[in-house]
$ cat model_8.csv   # CSV, C-alpha atoms
chain,number,residue,atom,x,y,z
A,14,ASP,CA,-16.0,-79.7,64.6
A,15,ARG,CA,-19.4,-78.1,64.1
A,16,ILE,CA,-20.3,-78.7,67.8
A,17,LYS,CA,-16.9,-77.3,68.9
A,18,SER,CA,-17.3,-74.2,66.7
A,19,VAL,CA,-20.8,-73.5,68.1
A,20,LYS,CA,-19.6,-73.8,71.6
A,21,ASN,CA,-16.8,-71.3,71.0
A,22,THR,CA,-19.3,-68.9,69.4
A,23,ARG,CA,-21.5,-69.3,72.4
A,24,ARG,CA,-18.7,-68.4,74.8
A,25,ILE,CA,-18.0,-65.2,72.7
A,26,THR,CA,-21.7,-64.1,72.5
A,27,GLU,CA,-22.1,-64.8,76.3
A,28,ALA,CA,-19.2,-62.5,77.0
A,29,MET,CA,-20.8,-59.9,74.7
A,30,ARG,CA,-24.1,-60.3,76.5
A,31,LEU,CA,-22.5,-59.7,79.9
A,32,VAL,CA,-20.7,-56.6,78.8
A,33,ALA,CA,-23.9,-55.2,77.3
A,34,ALA,CA,-25.8,-56.0,80.5
A,35,ALA,CA,-23.3,-54.2,82.6
A,36,ARG,CA,-23.6,-51.1,80.4
A,37,VAL,CA,-27.4,-51.2,80.6
A,38,ARG,CA,-27.2,-51.4,84.4
A,39,ARG,CA,-24.9,-48.4,84.6
A,40,ALA,CA,-27.2,-46.4,82.3
A,41,GLN,CA,-30.3,-47.4,84.3
A,42,ASP,CA,-28.6,-46.5,87.6
A,43,ALA,CA,-27.8,-43.1,86.3
A,44,VAL,CA,-31.4,-42.5,85.2
A,45,ILE,CA,-32.9,-43.7,88.5
A,46,LYS,CA,-30.5,-41.6,90.5
A,47,SER,CA,-31.6,-38.5,88.5
A,48,ARG,CA,-35.3,-39.0,89.2
A,49,PRO,CA,-35.6,-37.1,92.5
A,50,LEU,CA,-33.9,-34.1,90.9
A,51,ILE,CA,-36.1,-34.3,87.7
A,52,ALA,CA,-39.3,-34.6,89.8
A,53,GLN,CA,-38.4,-31.5,91.8
A,54,LEU,CA,-37.4,-29.5,88.8
A,55,GLN,CA,-40.8,-30.3,87.2
A,56,THR,CA,-42.5,-29.1,90.4
A,57,VAL,CA,-40.5,-25.8,90.4
A,58,TYR,CA,-41.3,-25.4,86.7
A,59,LYS,CA,-45.0,-25.8,87.2
A,60,THR,CA,-45.1,-23.5,90.2
A,61,VAL,CA,-43.2,-20.7,88.4
A,62,LEU,CA,-45.4,-21.0,85.2
A,63,GLU,CA,-48.6,-21.0,87.3
A,64,ALA,CA,-47.4,-17.8,89.0
A,65,CYS,CA,-46.8,-16.2,85.6
A,66,ASN,CA,-50.3,-17.1,84.5
A,67,GLN,CA,-51.9,-15.7,87.6
A,68,GLU,CA,-50.0,-12.4,87.5
A,69,GLU,CA,-50.1,-12.1,83.7
A,70,ILE,CA,-46.4,-11.5,83.5
A,71,ASP,CA,-45.3,-10.9,79.9
A,72,LEU,CA,-42.5,-13.4,79.1
A,73,PRO,CA,-41.4,-13.8,75.5
A,74,ILE,CA,-40.6,-17.5,76.1
A,75,LEU,CA,-44.3,-18.1,76.9
A,76,GLU,CA,-45.6,-16.4,73.7
A,77,THR,CA,-47.8,-18.5,71.5
A,78,ARG,CA,-47.8,-17.2,67.9
A,79,ASP,CA,-48.8,-18.4,64.5
A,80,VAL,CA,-46.5,-21.2,63.7
A,81,LYS,CA,-44.7,-20.8,60.4
A,82,LYS,CA,-41.4,-22.6,61.2
A,83,VAL,CA,-40.7,-25.4,63.7
A,84,ALA,CA,-37.3,-26.7,64.9
A,85,LEU,CA,-37.4,-30.5,65.3
A,86,VAL,CA,-34.8,-31.7,67.8
A,87,LEU,CA,-34.0,-35.3,66.8
A,88,ILE,CA,-32.1,-37.5,69.2
A,89,THR,CA,-30.4,-40.6,67.7
A,90,GLY,CA,-27.5,-42.8,68.6
A,91,ASP,CA,-23.9,-42.6,67.4
A,92,ARG,CA,-23.7,-46.2,66.3
A,93,GLY,CA,-25.8,-49.0,64.8
A,94,LEU,CA,-26.4,-52.6,65.9
A,95,CYS,CA,-29.2,-51.6,68.2
A,96,GLY,CA,-32.3,-53.0,66.4
A,97,GLY,CA,-34.8,-50.4,65.3
A,98,TYR,CA,-33.6,-47.7,67.8
A,99,ASN,CA,-32.3,-45.3,65.1
A,100,SER,CA,-34.6,-46.3,62.2
A,101,GLN,CA,-37.8,-45.9,64.1
A,102,ILE,CA,-36.9,-42.4,65.3
A,103,ILE,CA,-35.8,-41.3,61.9
A,104,LYS,CA,-39.1,-42.6,60.4
A,105,ALA,CA,-41.0,-40.7,63.1
A,106,ALA,CA,-39.1,-37.5,62.2
A,107,THR,CA,-39.8,-38.0,58.5
A,108,ARG,CA,-43.5,-38.4,59.1
A,109,ARG,CA,-43.5,-35.3,61.3
A,110,ILE,CA,-41.7,-33.3,58.5
A,111,ALA,CA,-44.2,-34.5,55.9
A,112,LYS,CA,-47.2,-33.6,58.2
A,113,LEU,CA,-45.8,-30.1,58.8
A,114,THR,CA,-45.2,-29.6,55.1
A,115,GLU,CA,-48.8,-30.5,54.3
A,116,GLN,CA,-49.9,-27.8,56.8
A,117,GLY,CA,-47.6,-25.3,55.1
A,118,ILE,CA,-45.2,-25.1,58.0
A,119,GLU,CA,-41.5,-25.1,57.4
A,120,ALA,CA,-39.3,-27.6,59.3
A,121,GLU,CA,-35.7,-27.2,60.4
A,122,LEU,CA,-33.7,-30.0,62.0
A,123,VAL,CA,-31.5,-29.8,65.1
A,124,LEU,CA,-29.7,-33.2,65.1
A,125,VAL,CA,-28.2,-34.8,68.2
A,126,GLY,CA,-26.3,-38.0,67.4
A,127,ARG,CA,-24.4,-39.2,64.4
A,128,LYS,CA,-26.9,-41.5,62.9
A,129,GLY,CA,-29.5,-38.8,62.4
A,130,GLN,CA,-26.8,-36.5,61.0
A,131,GLN,CA,-25.7,-39.2,58.5
A,132,TRP,CA,-29.2,-39.8,57.3
A,133,PHE,CA,-30.5,-36.3,56.9
A,134,ALA,CA,-27.2,-35.0,55.4
A,135,ARG,CA,-28.4,-36.6,52.1
A,136,ARG,CA,-32.0,-35.2,52.4
A,137,SER,CA,-33.5,-31.8,51.5
A,138,THR,CA,-34.7,-30.8,55.0
A,139,PRO,CA,-32.5,-27.9,56.2
A,140,ILE,CA,-30.3,-28.6,59.2
A,141,GLY,CA,-30.1,-25.7,61.7
A,142,GLY,CA,-27.5,-27.3,64.1
A,143,THR,CA,-25.8,-30.4,65.1
A,144,PHE,CA,-24.7,-31.6,68.6
A,145,GLU,CA,-22.6,-34.5,69.8
A,146,LEU,CA,-23.4,-36.4,73.0
A,147,GLY,CA,-20.7,-39.1,72.9
A,148,ASN,CA,-20.6,-42.2,75.2
A,149,VAL,CA,-20.8,-40.1,78.3
A,150,PRO,CA,-23.3,-37.2,77.8
A,151,GLN,CA,-22.3,-34.0,79.5
A,152,PRO,CA,-24.7,-31.4,81.0
A,153,SER,CA,-22.9,-28.7,79.0
A,154,VAL,CA,-24.3,-30.2,75.8
A,155,GLY,CA,-27.9,-29.8,77.1
A,156,SER,CA,-27.2,-26.2,78.2
A,157,GLU,CA,-25.8,-25.4,74.8
A,158,LEU,CA,-28.7,-26.9,73.0
A,159,ALA,CA,-31.2,-25.1,75.2
A,160,ASN,CA,-29.6,-21.8,74.7
A,161,PHE,CA,-29.4,-22.4,71.0
A,162,LEU,CA,-33.2,-23.1,70.8
A,163,VAL,CA,-34.2,-20.3,73.1
A,164,ALA,CA,-32.2,-17.8,71.1
A,165,LYS,CA,-33.8,-18.9,67.9
A,166,PHE,CA,-37.3,-18.7,69.4
A,167,LEU,CA,-36.8,-15.2,71.0
A,168,THR,CA,-35.4,-13.8,67.7
A,169,GLY,CA,-38.3,-15.1,65.8
A,170,GLU,CA,-36.3,-17.6,63.6
A,171,ILE,CA,-38.6,-20.3,64.8
A,172,ASP,CA,-42.1,-20.2,66.2
A,173,ALA,CA,-41.9,-23.6,68.1
A,174,ALA,CA,-39.5,-26.4,69.0
A,175,GLU,CA,-40.3,-30.0,69.3
A,176,LEU,CA,-38.3,-32.9,70.7
A,177,ILE,CA,-38.4,-36.2,68.9
A,178,TYR,CA,-36.8,-39.1,70.9
A,179,THR,CA,-37.3,-42.7,71.9
A,180,ARG,CA,-39.2,-43.6,75.1
A,181,PHE,CA,-37.8,-46.7,76.8
A,182,VAL,CA,-40.4,-49.5,77.2
A,183,ASN,CA,-38.2,-52.5,77.7
A,184,LEU,CA,-34.8,-53.8,76.4
A,185,ILE,CA,-36.4,-54.7,73.0
A,186,THR,CA,-39.0,-51.9,72.6
A,187,ASN,CA,-38.5,-48.2,72.2
A,188,GLU,CA,-41.4,-45.9,71.3
A,189,PRO,CA,-40.8,-42.8,69.2
A,190,SER,CA,-42.2,-39.8,71.2
A,191,ILE,CA,-42.7,-36.1,70.3
A,192,ARG,CA,-42.9,-33.4,72.9
A,193,THR,CA,-43.2,-29.6,72.6
A,194,LEU,CA,-40.3,-27.7,74.1
A,195,LEU,CA,-41.1,-24.1,73.0
A,196,PRO,CA,-43.1,-22.1,73.7
A,197,LEU,CA,-43.2,-23.2,77.4
A,198,SER,CA,-46.5,-24.4,78.7
A,199,LEU,CA,-47.9,-26.2,81.7
A,200,THR,CA,-49.0,-29.2,79.7
A,201,GLY,CA,-46.7,-31.9,78.3
A,202,ILE,CA,-43.9,-31.5,80.9
A,203,GLU,CA,-45.0,-34.4,83.1
A,204,SER,CA,-42.7,-37.4,83.4
A,205,GLU,CA,-43.5,-40.2,81.0
A,206,GLU,CA,-42.0,-42.7,83.4
A,207,ASP,CA,-39.1,-43.6,81.2
A,208,GLU,CA,-37.0,-46.5,82.3
A,209,VAL,CA,-39.7,-47.9,84.5
A,210,PHE,CA,-38.2,-51.4,84.3
A,211,MET,CA,-34.8,-52.2,85.9
A,212,MET,CA,-32.5,-55.0,85.0
A,213,THR,CA,-31.6,-57.3,87.9
A,214,THR,CA,-30.6,-60.9,88.5
A,215,SER,CA,-32.7,-63.8,89.9
A,216,ASP,CA,-31.4,-67.4,90.3
A,217,GLY,CA,-28.4,-66.5,88.2
A,218,LYS,CA,-30.5,-65.1,85.3
A,219,MET,CA,-31.1,-61.6,84.2
A,220,VAL,CA,-34.7,-60.5,84.7
A,221,MET,CA,-36.6,-57.2,84.5
A,222,LYS,CA,-38.5,-55.8,87.5
A,223,GLU,CA,-40.5,-52.6,87.9
A,224,ALA,CA,-38.4,-49.8,89.3
A,225,ASP,CA,-39.5,-47.7,92.3
A,226,LYS,CA,-41.3,-44.5,91.2
A,227,VAL,CA,-40.5,-41.1,92.6
A,228,GLU,CA,-43.5,-39.0,93.6
A,229,GLU,CA,-43.6,-35.4,92.6
A,230,GLY,CA,-43.5,-32.8,95.4
A,231,GLY,CA,-46.9,-31.5,96.5
A,232,PRO,CA,-48.0,-28.0,97.5
A,233,ALA,CA,-47.0,-28.7,101.1
A,234,ASN,CA,-43.2,-28.7,100.3
A,235,ILE,CA,-43.1,-26.0,97.7
A,236,PRO,CA,-41.3,-22.8,98.8
A,237,ASP,CA,-42.0,-19.3,97.4
A,238,TYR,CA,-39.7,-18.5,94.5
A,239,ILE,CA,-38.2,-15.2,93.6
A,240,PHE,CA,-37.2,-15.2,89.9
A,241,GLU,CA,-36.5,-12.9,86.9
$ encode --input "model_8.csv" --output "structure tokens"
Amino acid sequence: DRIKSVKNTRRITEAMRLVAAARVRRAQDAVIKSRPLIAQLQTVYKTVLEACNQEEIDLPILETRDVKKVALVLITGDRGLCGGYNSQIIKAATRRIAKLTEQGIEAELVLVGRKGQQWFARRSTPIGGTFELGNVPQPSVGSELANFLVAKFLTGEIDAAELIYTRFVNLITNEPSIRTLLPLSLTGIESEEDEVFMMTTSDGKMVMKEADKVEEGGPANIPDYIFE
């Protein structure tokens, strides 16, 4: 009876593993297909900012001022059962809040994902906004979040905005990462090569292989930009 029970459990968990693998593959395919666009956007971004620096254009979004209040954009999942994915990023955010408090800087949270919202709803750190991504993230959420942060920065409600998220290493490991979103600068926008390993199959087994990298466009293929 015990052997039979274990065999039945094995069939169930094998089906769960295959479903999870299919979801990972779809997510990875979406990331890899977006790489050429992201690489070119980074090139455009660098070129425009370099032009601003050369011509000394006064743009409020580039203004560096004394930091008194920081918006921390925290990205977590909507569900659990994913190892330390949510707990690690929440701990990283908690450490960052403590560090800012020690420096006399006020922190405000902008929460993306339900797990972060559930955790910090019972804490004292003020929450400036919440956003839902859902199972299929939509570009409109990113635009809404960007507009929300830029408006706060330009009106002086915040002096900087930081993104706290998990950087993919492999299927088991995710590293908490912090990057500055505002004010805009030439540093810190380079790709961190997320999702550099791709799930595939070999001899009937799932294996991880290094994915192809997309090179950023060089000066030879950068057109001249007209922008406001």
$ atom_distance --input "model_8.csv" --atom1 "CA of Gln55 in chain A" --atom2 "CA of Ala40 in chain A"
21.6 Å
$ closest_residue --input "model_8.csv" --among "A:Leu94, A:Leu54, A:Ala106, A:Val86" --to "Ala33 in chain A" --atoms "only C-alpha atoms"
A:Leu94
$ residues_around --input "model_8.csv" --residues "Leu158 in chain A" --least-positions-apart "2" --cutoff "12 Å" --atoms "only C-alpha atoms" --output "MDAnalysis selection string"
chainID A and resid 84 86:88 123:125 141:146 151:156 160:165 174 176 194
$ closest_residue --input "model_8.csv" --among "A:Gly117, A:Ala52, A:Asn187, A:Val32" --to "Asp79 in chain A" --atoms "all atoms listed in the file"
A:Gly117
$ atom_distance --input "model_8.csv" --atom1 "CA of Pro73 in chain A" --atom2 "CA of Phe166 in chain A"
8.8 Å
$ atom_distance --input "model_8.csv" --atom1 "CA of Pro150 in chain A" --atom2 "CA of Thr89 in chain A"
12.8 Å
$ residues_around --input "model_8.csv" --residues "Thr114 in chain A" --least-positions-apart "4" --cutoff "12 Å" --atoms "only C-alpha atoms" --output "ChimeraX atom specification"
/A:81-83,107-110,118-121,138
$ write_last_selection --input "model_8.csv" --atoms "C-alpha atoms" --output "mmCIF file, in the coordinates of the input"
data_model
loop_
_atom_site.group_PDB
_atom_site.id
_atom_site.type_symbol
_atom_site.label_atom_id
_atom_site.label_comp_id
_atom_site.auth_asym_id
_atom_site.auth_seq_id
_atom_site.Cartn_x
_atom_site.Cartn_y
_atom_site.Cartn_z
ATOM 1 C CA LYS A 81 -44.700 -20.800 60.400
ATOM 2 C CA LYS A 82 -41.400 -22.600 61.200
ATOM 3 C CA VAL A 83 -40.700 -25.400 63.700
ATOM 4 C CA THR A 107 -39.800 -38.000 58.500
ATOM 5 C CA ARG A 108 -43.500 -38.400 59.100
ATOM 6 C CA ARG A 109 -43.500 -35.300 61.300
ATOM 7 C CA ILE A 110 -41.700 -33.300 58.500
ATOM 8 C CA ILE A 118 -45.200 -25.100 58.000
ATOM 9 C CA GLU A 119 -41.500 -25.100 57.400
ATOM 10 C CA ALA A 120 -39.300 -27.600 59.300
ATOM 11 C CA GLU A 121 -35.700 -27.200 60.400
ATOM 12 C CA THR A 138 -34.700 -30.800 55.000
#
$ closest_residue --input "model_8.csv" --among "A:Glu76, A:Asp91, A:Glu188, A:Glu63" --to "Leu167 in chain A" --atoms "all atoms listed in the file"
A:Glu76
$ residues_near_point --input "model_8.csv" --point "(-34.4, -45.7, 63.0)" --cutoff "10 Å" --atoms "all atoms listed in the file" --output "mmCIF file with C-alpha atoms, keeping the file's coordinate frame"
data_model
loop_
_atom_site.group_PDB
_atom_site.id
_atom_site.type_symbol
_atom_site.label_atom_id
_atom_site.label_comp_id
_atom_site.auth_asym_id
_atom_site.auth_seq_id
_atom_site.Cartn_x
_atom_site.Cartn_y
_atom_site.Cartn_z
ATOM 1 C CA THR A 89 -30.400 -40.600 67.700
ATOM 2 C CA GLY A 90 -27.500 -42.800 68.600
ATOM 3 C CA GLY A 93 -25.800 -49.000 64.800
ATOM 4 C CA CYS A 95 -29.200 -51.600 68.200
ATOM 5 C CA GLY A 96 -32.300 -53.000 66.400
ATOM 6 C CA GLY A 97 -34.800 -50.400 65.300
ATOM 7 C CA TYR A 98 -33.600 -47.700 67.800
ATOM 8 C CA ASN A 99 -32.300 -45.300 65.100
ATOM 9 C CA SER A 100 -34.600 -46.300 62.200
ATOM 10 C CA GLN A 101 -37.800 -45.900 64.100
ATOM 11 C CA ILE A 102 -36.900 -42.400 65.300
ATOM 12 C CA ILE A 103 -35.800 -41.300 61.900
ATOM 13 C CA LYS A 104 -39.100 -42.600 60.400
ATOM 14 C CA ALA A 105 -41.000 -40.700 63.100
ATOM 15 C CA ALA A 106 -39.100 -37.500 62.200
ATOM 16 C CA LYS A 128 -26.900 -41.500 62.900
ATOM 17 C CA GLY A 129 -29.500 -38.800 62.400
ATOM 18 C CA TRP A 132 -29.200 -39.800 57.300
ATOM 19 C CA THR A 179 -37.300 -42.700 71.900
ATOM 20 C CA PRO A 189 -40.800 -42.800 69.200
#
$ closest_residue --input "model_8.csv" --among "A:Ala35, A:Val149, A:Val80, A:Val61" --to "Gln116 in chain A" --atoms "all atoms listed in the file"
A:Val80
$ closest_residue --input "model_8.csv" --among "A:Glu115, A:Ile185, A:Gly126, A:Leu85" --to "Ile140 in chain A" --atoms "only C-alpha atoms"
A:Leu85
$ closest_residue --input "model_8.csv" --among "A:Ile16, A:Val37, A:Arg192, A:Asp172" --to "Thr77 in chain A" --atoms "only C-alpha atoms"
A:Asp172
$ axis_aligned_box --input "model_8.csv" --around "range 81-98 of chain A" --padding-each-side "3 Å" --output "lines of an AutoDock Vina configuration file"
center_x = -34.2
center_y = -36.9
center_z = 64.8
size_x = 27.0
size_y = 38.2
size_z = 14.8
